[in-house]
Every structure is written in C-alpha cells, then in structure tokens.
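Here is the file structure-v6.pdb (PDB, C-alpha atoms and all ligand atoms).
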```pdb
MODEL        1
ATOM      1  CA  MET A   1      -4.054  22.502   9.629  1.00  0.00           C
ATOM      2  CA  ALA A   2      -4.917  23.086   5.966  1.00  0.00           C
ATOM      3  CA  ALA A   3      -7.979  21.365   4.534  1.00  0.00           C
ATOM      4  CA  ILE A   4      -7.292  17.921   3.183  1.00  0.00           C
ATOM      5  CA  GLU A   5      -7.626  17.672  -0.535  1.00  0.00           C
ATOM      6  CA  VAL A   6      -9.086  14.402  -1.788  1.00  0.00           C
ATOM      7  CA  LYS A   7      -7.320  13.817  -5.092  1.00  0.00           C
ATOM      8  CA  TYR A   8      -8.872  10.491  -5.999  1.00  0.00           C
ATOM      9  CA  GLN A   9     -12.201   9.172  -7.020  1.00  0.00           C
ATOM     10  CA  GLU A  10     -13.238   7.349  -3.859  1.00  0.00           C
ATOM     11  CA  PRO A  11     -14.691   3.859  -4.002  1.00  0.00           C
ATOM     12  CA  GLU A  12     -18.193   3.441  -2.663  1.00  0.00           C
ATOM     13  CA  ILE A  13     -17.751   3.121   1.089  1.00  0.00           C
ATOM     14  CA  ASP A  14     -19.798   0.503   2.896  1.00  0.00           C
ATOM     15  CA  PHE A  15     -20.454   2.312   6.167  1.00  0.00           C
ATOM     16  CA  THR A  16     -22.235  -0.715   7.623  1.00  0.00           C
ATOM     17  CA  LEU A  17     -18.982  -2.563   7.227  1.00  0.00           C
ATOM     18  CA  ILE A  18     -17.045   0.266   8.865  1.00  0.00           C
ATOM     19  CA  ASP A  19     -19.558   0.202  11.728  1.00  0.00           C
ATOM     20  CA  ARG A  20     -19.000  -3.506  12.105  1.00  0.00           C
ATOM     21  CA  ILE A  21     -15.232  -3.088  12.195  1.00  0.00           C
ATOM     22  CA  ILE A  22     -15.438  -0.344  14.805  1.00  0.00           C
ATOM     23  CA  ARG A  23     -18.145  -1.750  17.034  1.00  0.00           C
ATOM     24  CA  ASP A  24     -18.194  -5.519  16.618  1.00  0.00           C
ATOM     25  CA  ASP A  25     -14.592  -6.320  15.777  1.00  0.00           C
ATOM     26  CA  TYR A  26     -12.899  -3.782  18.014  1.00  0.00           C
ATOM     27  CA  GLY A  27     -15.514  -2.930  20.638  1.00  0.00           C
ATOM     28  CA  GLY A  28     -15.539   0.760  19.787  1.00  0.00           C
ATOM     29  CA  ASN A  29     -12.433   1.023  21.923  1.00  0.00           C
ATOM     30  CA  LYS A  30     -10.085   3.916  21.172  1.00  0.00           C
ATOM     31  CA  GLU A  31      -7.102   1.758  22.063  1.00  0.00           C
ATOM     32  CA  ASN A  32      -7.897  -0.333  18.999  1.00  0.00           C
ATOM     33  CA  LEU A  33      -7.806   2.605  16.606  1.00  0.00           C
ATOM     34  CA  ILE A  34      -4.774   1.381  14.643  1.00  0.00           C
ATOM     35  CA  MET A  35      -6.292  -2.080  14.241  1.00  0.00           C
ATOM     36  CA  MET A  36      -9.533  -0.511  12.999  1.00  0.00           C
ATOM     37  CA  MET A  37      -7.517   1.445  10.443  1.00  0.00           C
ATOM     38  CA  GLN A  38      -5.676  -1.713   9.397  1.00  0.00           C
ATOM     39  CA  ALA A  39      -9.005  -3.476   8.888  1.00  0.00           C
ATOM     40  CA  ILE A  40     -10.326  -0.578   6.790  1.00  0.00           C
ATOM     41  CA  GLN A  41      -7.171  -0.569   4.699  1.00  0.00           C
ATOM     42  CA  LYS A  42      -7.421  -4.324   4.190  1.00  0.00           C
ATOM     43  CA  GLN A  43     -10.895  -3.789   2.797  1.00  0.00           C
ATOM     44  CA  TYR A  44     -10.076  -0.959   0.365  1.00  0.00           C
ATOM     45  CA  ARG A  45      -6.293  -1.474  -0.101  1.00  0.00           C
ATOM     46  CA  TYR A  46      -5.863   2.088   1.215  1.00  0.00           C
ATOM     47  CA  LEU A  47      -7.523   4.460   3.655  1.00  0.00           C
ATOM     48  CA  PRO A  48     -10.279   6.378   1.865  1.00  0.00           C
ATOM     49  CA  TYR A  49     -10.947   9.872   3.204  1.00  0.00           C
ATOM     50  CA  SER A  50     -14.658   9.202   3.834  1.00  0.00           C
ATOM     51  CA  ALA A  51     -13.908   6.084   5.836  1.00  0.00           C
ATOM     52  CA  LEU A  52     -11.410   7.942   8.004  1.00  0.00           C
ATOM     53  CA  LYS A  53     -13.858  10.817   8.465  1.00  0.00           C
ATOM     54  CA  TYR A  54     -16.543   8.360   9.530  1.00  0.00           C
ATOM     55  CA  LEU A  55     -14.114   6.703  11.943  1.00  0.00           C
ATOM     56  CA  SER A  56     -13.210  10.093  13.357  1.00  0.00           C
ATOM     57  CA  ASP A  57     -16.861  11.100  13.904  1.00  0.00           C
ATOM     58  CA  TYR A  58     -17.867   7.735  15.309  1.00  0.00           C
ATOM     59  CA  MET A  59     -14.970   7.536  17.746  1.00  0.00           C
ATOM     60  CA  GLY A  60     -14.964  11.227  18.662  1.00  0.00           C
ATOM     61  CA  ILE A  61     -11.295  11.421  17.743  1.00  0.00           C
ATOM     62  CA  PRO A  62     -10.167  14.554  15.868  1.00  0.00           C
ATOM     63  CA  PHE A  63      -9.695  13.859  12.175  1.00  0.00           C
ATOM     64  CA  THR A  64      -6.259  15.497  12.303  1.00  0.00           C
ATOM     65  CA  LYS A  65      -5.126  12.857  14.785  1.00  0.00           C
ATOM     66  CA  ILE A  66      -6.330  10.013  12.551  1.00  0.00           C
ATOM     67  CA  TYR A  67      -4.790  11.636   9.482  1.00  0.00           C
ATOM     68  CA  GLU A  68      -1.518  12.014  11.357  1.00  0.00           C
ATOM     69  CA  ILE A  69      -1.463   8.276  12.105  1.00  0.00           C
ATOM     70  CA  ALA A  70      -2.448   7.415   8.516  1.00  0.00           C
ATOM     71  CA  THR A  71       0.452   9.438   7.140  1.00  0.00           C
ATOM     72  CA  PHE A  72       3.016   8.557   9.818  1.00  0.00           C
ATOM     73  CA  TYR A  73       3.128   4.784   9.435  1.00  0.00           C
ATOM     74  CA  ALA A  74       4.620   3.490   6.202  1.00  0.00           C
ATOM     75  CA  SER A  75       2.227   0.542   6.284  1.00  0.00           C
ATOM     76  CA  PHE A  76      -0.739   2.879   5.818  1.00  0.00           C
ATOM     77  CA  SER A  77      -1.590   4.515   2.543  1.00  0.00           C
ATOM     78  CA  ILE A  78      -3.934   7.409   1.855  1.00  0.00           C
ATOM     79  CA  GLU A  79      -3.491   6.880  -1.877  1.00  0.00           C
ATOM     80  CA  PRO A  80      -5.406   4.126  -3.661  1.00  0.00           C
ATOM     81  CA  LYS A  81      -3.344   1.083  -4.543  1.00  0.00           C
ATOM     82  CA  GLY A  82      -3.586  -1.194  -7.500  1.00  0.00           C
ATOM     83  CA  LYS A  83      -5.043  -4.676  -7.452  1.00  0.00           C
ATOM     84  CA  HIS A  84      -1.478  -6.008  -7.593  1.00  0.00           C
ATOM     85  CA  ILE A  85       1.470  -4.635  -5.686  1.00  0.00           C
ATOM     86  CA  LEU A  86       5.024  -5.090  -6.875  1.00  0.00           C
ATOM     87  CA  SER A  87       7.573  -4.084  -4.251  1.00  0.00           C
ATOM     88  CA  VAL A  88      11.283  -3.927  -4.911  1.00  0.00           C
ATOM     89  CA  CYS A  89      13.742  -3.790  -2.037  1.00  0.00           C
ATOM     90  CA  THR A  90      16.114  -0.884  -2.487  1.00  0.00           C
ATOM     91  CA  GLY A  91      18.322  -1.537   0.530  1.00  0.00           C
ATOM     92  CA  THR A  92      22.080  -1.581  -0.013  1.00  0.00           C
ATOM     93  CA  ALA A  93      22.480  -5.333  -0.625  1.00  0.00           C
ATOM     94  CA  CYS A  94      19.575  -5.432  -3.078  1.00  0.00           C
ATOM     95  CA  HIS A  95      20.792  -2.294  -4.774  1.00  0.00           C
ATOM     96  CA  LEU A  96      24.216  -3.881  -5.286  1.00  0.00           C
ATOM     97  CA  LYS A  97      22.515  -6.931  -6.763  1.00  0.00           C
ATOM     98  CA  GLY A  98      20.616  -4.920  -9.333  1.00  0.00           C
ATOM     99  CA  SER A  99      17.351  -3.699  -7.801  1.00  0.00           C
ATOM    100  CA  GLY A 100      17.975  -0.288  -9.399  1.00  0.00           C
ATOM    101  CA  GLU A 101      18.025  -1.847 -12.880  1.00  0.00           C
ATOM    102  CA  MET A 102      14.889  -3.762 -11.985  1.00  0.00           C
ATOM    103  CA  ILE A 103      13.048  -0.553 -11.090  1.00  0.00           C
ATOM    104  CA  LYS A 104      14.255   1.027 -14.309  1.00  0.00           C
ATOM    105  CA  TYR A 105      12.960  -1.978 -16.238  1.00  0.00           C
ATOM    106  CA  ILE A 106       9.560  -1.812 -14.493  1.00  0.00           C
ATOM    107  CA  LYS A 107       9.345   1.866 -15.307  1.00  0.00           C
ATOM    108  CA  GLU A 108      10.082   1.176 -18.970  1.00  0.00           C
ATOM    109  CA  LYS A 109       7.463  -1.561 -19.147  1.00  0.00           C
ATOM    110  CA  THR A 110       4.704   0.137 -17.163  1.00  0.00           C
ATOM    111  CA  GLY A 111       5.511   3.838 -17.017  1.00  0.00           C
ATOM    112  CA  LEU A 112       5.344   3.638 -13.236  1.00  0.00           C
ATOM    113  CA  GLU A 113       7.419   5.688 -10.859  1.00  0.00           C
ATOM    114  CA  PRO A 114       7.898   4.224  -7.380  1.00  0.00           C
ATOM    115  CA  GLY A 115       4.826   4.759  -5.220  1.00  0.00           C
ATOM    116  CA  LYS A 116       2.537   5.131  -8.223  1.00  0.00           C
ATOM    117  CA  THR A 117      -0.295   3.081  -9.661  1.00  0.00           C
ATOM    118  CA  THR A 118      -1.270   2.478 -13.259  1.00  0.00           C
ATOM    119  CA  PRO A 119      -4.369   4.447 -14.361  1.00  0.00           C
ATOM    120  CA  ASP A 120      -6.321   1.186 -14.738  1.00  0.00           C
ATOM    121  CA  MET A 121      -5.602   0.485 -11.033  1.00  0.00           C
ATOM    122  CA  LYS A 122      -4.098  -2.880 -11.848  1.00  0.00           C
ATOM    123  CA  LEU A 123      -0.546  -2.377 -10.598  1.00  0.00           C
ATOM    124  CA  THR A 124       1.277  -0.362  -7.950  1.00  0.00           C
ATOM    125  CA  LEU A 125       5.059  -0.133  -7.820  1.00  0.00           C
ATOM    126  CA  GLU A 126       6.629   0.294  -4.414  1.00  0.00           C
ATOM    127  CA  CYS A 127      10.208   0.613  -3.301  1.00  0.00           C
ATOM    128  CA  VAL A 128      10.871  -0.650   0.185  1.00  0.00           C
ATOM    129  CA  ASN A 129      13.823  -0.424   2.520  1.00  0.00           C
ATOM    130  CA  CYS A 130      15.764  -3.514   3.559  1.00  0.00           C
ATOM    131  CA  VAL A 131      13.334  -6.314   4.329  1.00  0.00           C
ATOM    132  CA  GLY A 132      15.911  -8.266   6.332  1.00  0.00           C
ATOM    133  CA  ALA A 133      16.889 -10.888   3.779  1.00  0.00           C
ATOM    134  CA  CYS A 134      20.081  -9.304   2.457  1.00  0.00           C
ATOM    135  CA  GLY A 135      21.761 -12.693   1.944  1.00  0.00           C
ATOM    136  CA  LEU A 136      19.063 -13.455  -0.620  1.00  0.00           C
ATOM    137  CA  ALA A 137      19.247 -10.162  -2.513  1.00  0.00           C
ATOM    138  CA  PRO A 138      17.702  -8.897  -4.626  1.00  0.00           C
ATOM    139  CA  VAL A 139      14.308  -9.357  -3.014  1.00  0.00           C
ATOM    140  CA  VAL A 140      11.081  -8.598  -4.837  1.00  0.00           C
ATOM    141  CA  ILE A 141       7.704  -8.864  -3.141  1.00  0.00           C
ATOM    142  CA  ILE A 142       4.777  -9.670  -5.366  1.00  0.00           C
ATOM    143  CA  ASN A 143       1.400  -9.342  -3.685  1.00  0.00           C
ATOM    144  CA  GLU A 144       2.988  -9.986  -0.275  1.00  0.00           C
ATOM    145  CA  LYS A 145       4.936 -13.041  -1.484  1.00  0.00           C
ATOM    146  CA  TYR A 146       8.670 -12.678  -0.977  1.00  0.00           C
ATOM    147  CA  ASN A 147      10.850 -13.716  -3.902  1.00  0.00           C
ATOM    148  CA  PRO A 148      14.518 -14.109  -2.957  1.00  0.00           C
ATOM    149  CA  GLU A 149      17.282 -13.799  -5.559  1.00  0.00           C
ATOM    150  CA  ALA A 150      14.693 -12.424  -7.915  1.00  0.00           C
ATOM    151  CA  GLU A 151      15.540 -12.263 -11.581  1.00  0.00           C
ATOM    152  CA  LEU A 152      14.307  -9.842 -14.172  1.00  0.00           C
ATOM    153  CA  SER A 153      12.388 -12.660 -15.849  1.00  0.00           C
ATOM    154  CA  LEU A 154      10.191 -13.047 -12.755  1.00  0.00           C
ATOM    155  CA  VAL A 155       9.261  -9.378 -12.834  1.00  0.00           C
ATOM    156  CA  SER A 156       8.797  -9.436 -16.585  1.00  0.00           C
ATOM    157  CA  GLU A 157       6.464 -12.443 -16.454  1.00  0.00           C
ATOM    158  CA  PHE A 158       4.455 -10.897 -13.644  1.00  0.00           C
ATOM    159  CA  ILE A 159       4.012  -7.629 -15.542  1.00  0.00           C
ATOM    160  CA  GLU A 160       2.857  -9.499 -18.634  1.00  0.00           C
ATOM    161  CA  GLN A 161       0.427 -11.506 -16.530  1.00  0.00           C
ATOM    162  CA  VAL A 162      -1.043  -8.337 -15.002  1.00  0.00           C
ATOM    163  CA  LYS A 163      -1.310  -6.676 -18.408  1.00  0.00           C
ATOM    164  CA  ALA A 164      -3.167  -9.699 -19.778  1.00  0.00           C
ATOM    165  CA  GLU A 165      -5.843  -9.586 -17.058  1.00  0.00           C
TER
HETATM  166  S1  LIG A 201      18.791  -4.814   1.319  1.00  0.00           S
HETATM  167 FE1  LIG A 201      17.198  -5.966   0.430  1.00  0.00          FE
HETATM  168  S2  LIG A 201      16.832  -7.429   1.939  1.00  0.00           S
HETATM  169 FE2  LIG A 201      18.321  -6.206   2.859  1.00  0.00          FE
ENDMDL
END
```
Please go through the file and, once you have read it, give me the structure as structure tokens.
Amino acid sequence: MAAIEVKYQEPEIDFTLIDRIIRDDYGGNKENLIMMMQAIQKQYRYLPYSALKYLSDYMGIPFTKIYEIATFYASFSIEPKGKHILSVCTGTACHLKGSGEMIKYIKEKTGLEPGKTTPDMKLTLECVNCVGACGLAPVVIINEKYNPEAELSLVSEFIEQVKAE
C-alpha cells in the first residue's frame, strides 16, 4: 500500500485521552475497535492520522487495517470537518423537492462543494443519501438536527448565523 499522505494541519492530539478511550472506556479489546474510532472521531470531528497511528501501535493492529475501516464506513471521516455541519439529502424524493437548488444556493453563498469545509473550519457541506423521511422532503440536517420540509430560508439563516460567529 502506498504511504498515506497527511494533507491537513493536524490538531494537537491528546494522547492521554486516546489512552483513556482505548484502555478505560473500551478495555483495550480489539472487538471494540470501531467504538474506539467513533470516540476519537467524536473528540476531533474526524479521525486524525496521528490518533489512528497511535491506536494502531497501541492495539497491535496494522495501520492499513484501521485505515481501511476509516475509509470504508461513510460515518467516518479522515478529513477535518467544520465546527458546523450542513447536510442536504440528495435522495430522489428530496431531489424532486429541490435539494439540488439548495446545494447550488449553498455553493453560491459559501463557495463550498459537497464534502468540503470552509478554510476557516466553520462549516462543512455534506450531501447524504436518502435518510428515510421521503414523505417530508426535502430534508436538511443541521448539526445532527433533522429539518423536514426544509426551505431555503432555513439554510440561508443558518449560513448567515455561521458567518456571523
Ligand atoms: S430522499 Fe431524502 S429522505 Fe428520502
């Protein structure tokens, strides 16, 4: 496998915290690897390379295996995320109800492409597949809060709020 290129400035990793997650919270048990990774991601909003490397060394699990898991599951991210996450459902029902226009609008207002984060790390735009609420399309998720029948004004107000922070 080719060497992994770390493209981002990593946050300062608190290895004592990682130790605590591995040993105290999950008993250093390999079966809990995914939960350990979830806990690390919760802490940093993504999976920093150094944290994964530490996890790999500590657990004696090849880094390639951990990297494979980190890139396989859509819920994991190896790219840093913004403080706020704006997710737009792009499933068929939401698309028919205008989620495409919403993404276009967000792009105009923020310059963000789906999956990207503003340089100030305030906002990440994500496009997600059907979230199972098609009857309430279009669905927009703002910082994990689901907003059914979302209107452009909701997105617009949220963007303004983030910009003002
Ligand atoms: S397509 Fe958006 S909730 Fe199903």
>> Give me, as a list of chain:residue names, all polymer residues having an atom no more than 10 Å from range 17-28 of chain A, counting all atoms listed in the file and skipping those fewer than 5 positions away in the same chain.
In response: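 The neighbour list is A:Leu33, A:Met35, A:Met36, A:Met37, A:Ala39, A:Ile40, A:Gln43, A:Ala51, A:Leu52, A:Tyr54, A:Leu55, A:Tyr58, A:Met59.
Of the residues under consideration (A:Pro48, A:Gly100, A:Pro11, A:Gly135), A:Gly135 shows the shortest atom-to-atom contact distance to ligand LIG 201 (chain A) when counting all atoms listed in the file.
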>> Can you tell me which residues surround Gly98 in chain A at a distance of at most 12 Å, considering only C-alpha atoms, apart from same-chain residues fewer than 6 positions away, and format the answer as JSON, numbers by chain?
In response: {"A": [88, 89, 90, 91, 92, 104, 105, 137, 138, 139, 140, 149, 150, 151, 152]}
Could you list the residues chosen by the PyMOL selection byres (((chain A and resi 109) around 12) and not hetatm) in this structure as a tab-separated table (two decimals) with C-alpha atoms, in the frame of the given file?
```tsv
chain	number	residue	atom	x	y	z
A	102	MET	CA	14.89	-3.76	-11.98
A	103	ILE	CA	13.05	-0.55	-11.09
A	104	LYS	CA	14.26	1.03	-14.31
A	105	TYR	CA	12.96	-1.98	-16.24
A	106	ILE	CA	9.56	-1.81	-14.49
A	107	LYS	CA	9.35	1.87	-15.31
A	108	GLU	CA	10.08	1.18	-18.97
A	110	THR	CA	4.70	0.14	-17.16
A	111	GLY	CA	5.51	3.84	-17.02
A	112	LEU	CA	5.34	3.64	-13.24
A	113	GLU	CA	7.42	5.69	-10.86
A	118	THR	CA	-1.27	2.48	-13.26
A	123	LEU	CA	-0.55	-2.38	-10.60
A	125	LEU	CA	5.06	-0.13	-7.82
A	152	LEU	CA	14.31	-9.84	-14.17
A	155	VAL	CA	9.26	-9.38	-12.83
A	156	SER	CA	8.80	-9.44	-16.58
A	157	GLU	CA	6.46	-12.44	-16.45
A	158	PHE	CA	4.46	-10.90	-13.64
A	159	ILE	CA	4.01	-7.63	-15.54
A	160	GLU	CA	2.86	-9.50	-18.63
A	162	VAL	CA	-1.04	-8.34	-15.00
A	163	LYS	CA	-1.31	-6.68	-18.41
```
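Among the candidates A:Ala164, A:Val128, A:Cys94, A:Ile141, the residue lying nearest to ligand LIG 201 (chain A) is A:Cys94 (atoms considered: all atoms listed in the file).
The interatomic distance for the pair CA of Pro119 in chain A and CA of Glu165 in chain A works out to 14.4 Å.
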> So, counting all atoms listed in the file, which residue among A:Ser153, A:Gln41, A:Ser99, A:Thr71 is closest to ligand LIG 201 (chain A)?
Replying inline: A:Ser99
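Using only C-alpha atoms for every distance, the candidate list A:Asn129, A:Asp14, A:Thr124, A:Pro114 yields A:Asn129 as the residue closest to Ala93 in chain A.
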Reconstruct N, CA and C atoms of range 144-158 of chain A; output as a PDB file, in the frame of the given file.
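Generated output (part_16.pdb):
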```pdb
ATOM      1  N   GLU A 144       2.612  -9.502  -1.621  1.00  0.00           N
ATOM      2  CA  GLU A 144       2.988  -9.986  -0.275  1.00  0.00           C
ATOM      3  C   GLU A 144       3.807 -11.275  -0.278  1.00  0.00           C
ATOM      4  N   LYS A 145       4.091 -11.835  -1.455  1.00  0.00           N
ATOM      5  CA  LYS A 145       4.936 -13.041  -1.484  1.00  0.00           C
ATOM      6  C   LYS A 145       6.390 -12.625  -1.747  1.00  0.00           C
ATOM      7  N   TYR A 146       7.267 -13.036  -0.852  1.00  0.00           N
ATOM      8  CA  TYR A 146       8.670 -12.678  -0.977  1.00  0.00           C
ATOM      9  C   TYR A 146       9.356 -13.578  -1.992  1.00  0.00           C
ATOM     10  N   ASN A 147      10.113 -12.958  -2.889  1.00  0.00           N
ATOM     11  CA  ASN A 147      10.850 -13.716  -3.902  1.00  0.00           C
ATOM     12  C   ASN A 147      12.336 -13.412  -3.751  1.00  0.00           C
ATOM     13  N   PRO A 148      13.081 -14.336  -3.125  1.00  0.00           N
ATOM     14  CA  PRO A 148      14.518 -14.109  -2.957  1.00  0.00           C
ATOM     15  C   PRO A 148      15.255 -14.293  -4.283  1.00  0.00           C
ATOM     16  N   GLU A 149      16.429 -13.694  -4.363  1.00  0.00           N
ATOM     17  CA  GLU A 149      17.282 -13.799  -5.559  1.00  0.00           C
ATOM     18  C   GLU A 149      16.443 -13.646  -6.828  1.00  0.00           C
ATOM     19  N   ALA A 150      15.635 -12.635  -6.804  1.00  0.00           N
ATOM     20  CA  ALA A 150      14.693 -12.424  -7.915  1.00  0.00           C
ATOM     21  C   ALA A 150      15.425 -12.038  -9.200  1.00  0.00           C
ATOM     22  N   GLU A 151      14.948 -12.602 -10.282  1.00  0.00           N
ATOM     23  CA  GLU A 151      15.540 -12.263 -11.581  1.00  0.00           C
ATOM     24  C   GLU A 151      14.570 -11.400 -12.362  1.00  0.00           C
ATOM     25  N   LEU A 152      15.118 -10.734 -13.342  1.00  0.00           N
ATOM     26  CA  LEU A 152      14.307  -9.842 -14.172  1.00  0.00           C
ATOM     27  C   LEU A 152      13.154 -10.598 -14.843  1.00  0.00           C
ATOM     28  N   SER A 153      13.421 -11.866 -15.169  1.00  0.00           N
ATOM     29  CA  SER A 153      12.388 -12.660 -15.849  1.00  0.00           C
ATOM     30  C   SER A 153      11.139 -12.820 -14.977  1.00  0.00           C
ATOM     31  N   LEU A 154      11.332 -12.906 -13.671  1.00  0.00           N
ATOM     32  CA  LEU A 154      10.191 -13.047 -12.755  1.00  0.00           C
ATOM     33  C   LEU A 154       9.312 -11.795 -12.838  1.00  0.00           C
ATOM     34  N   VAL A 155       9.974 -10.661 -12.784  1.00  0.00           N
ATOM     35  CA  VAL A 155       9.261  -9.378 -12.834  1.00  0.00           C
ATOM     36  C   VAL A 155       8.583  -9.218 -14.189  1.00  0.00           C
ATOM     37  N   SER A 156       9.318  -9.564 -15.231  1.00  0.00           N
ATOM     38  CA  SER A 156       8.797  -9.436 -16.585  1.00  0.00           C
ATOM     39  C   SER A 156       7.545 -10.294 -16.778  1.00  0.00           C
ATOM     40  N   GLU A 157       7.625 -11.545 -16.318  1.00  0.00           N
ATOM     41  CA  GLU A 157       6.464 -12.443 -16.454  1.00  0.00           C
ATOM     42  C   GLU A 157       5.276 -11.922 -15.664  1.00  0.00           C
ATOM     43  N   PHE A 158       5.548 -11.406 -14.479  1.00  0.00           N
ATOM     44  CA  PHE A 158       4.455 -10.897 -13.644  1.00  0.00           C
ATOM     45  C   PHE A 158       3.776  -9.701 -14.320  1.00  0.00           C
TER      46      PHE A 158
END
```
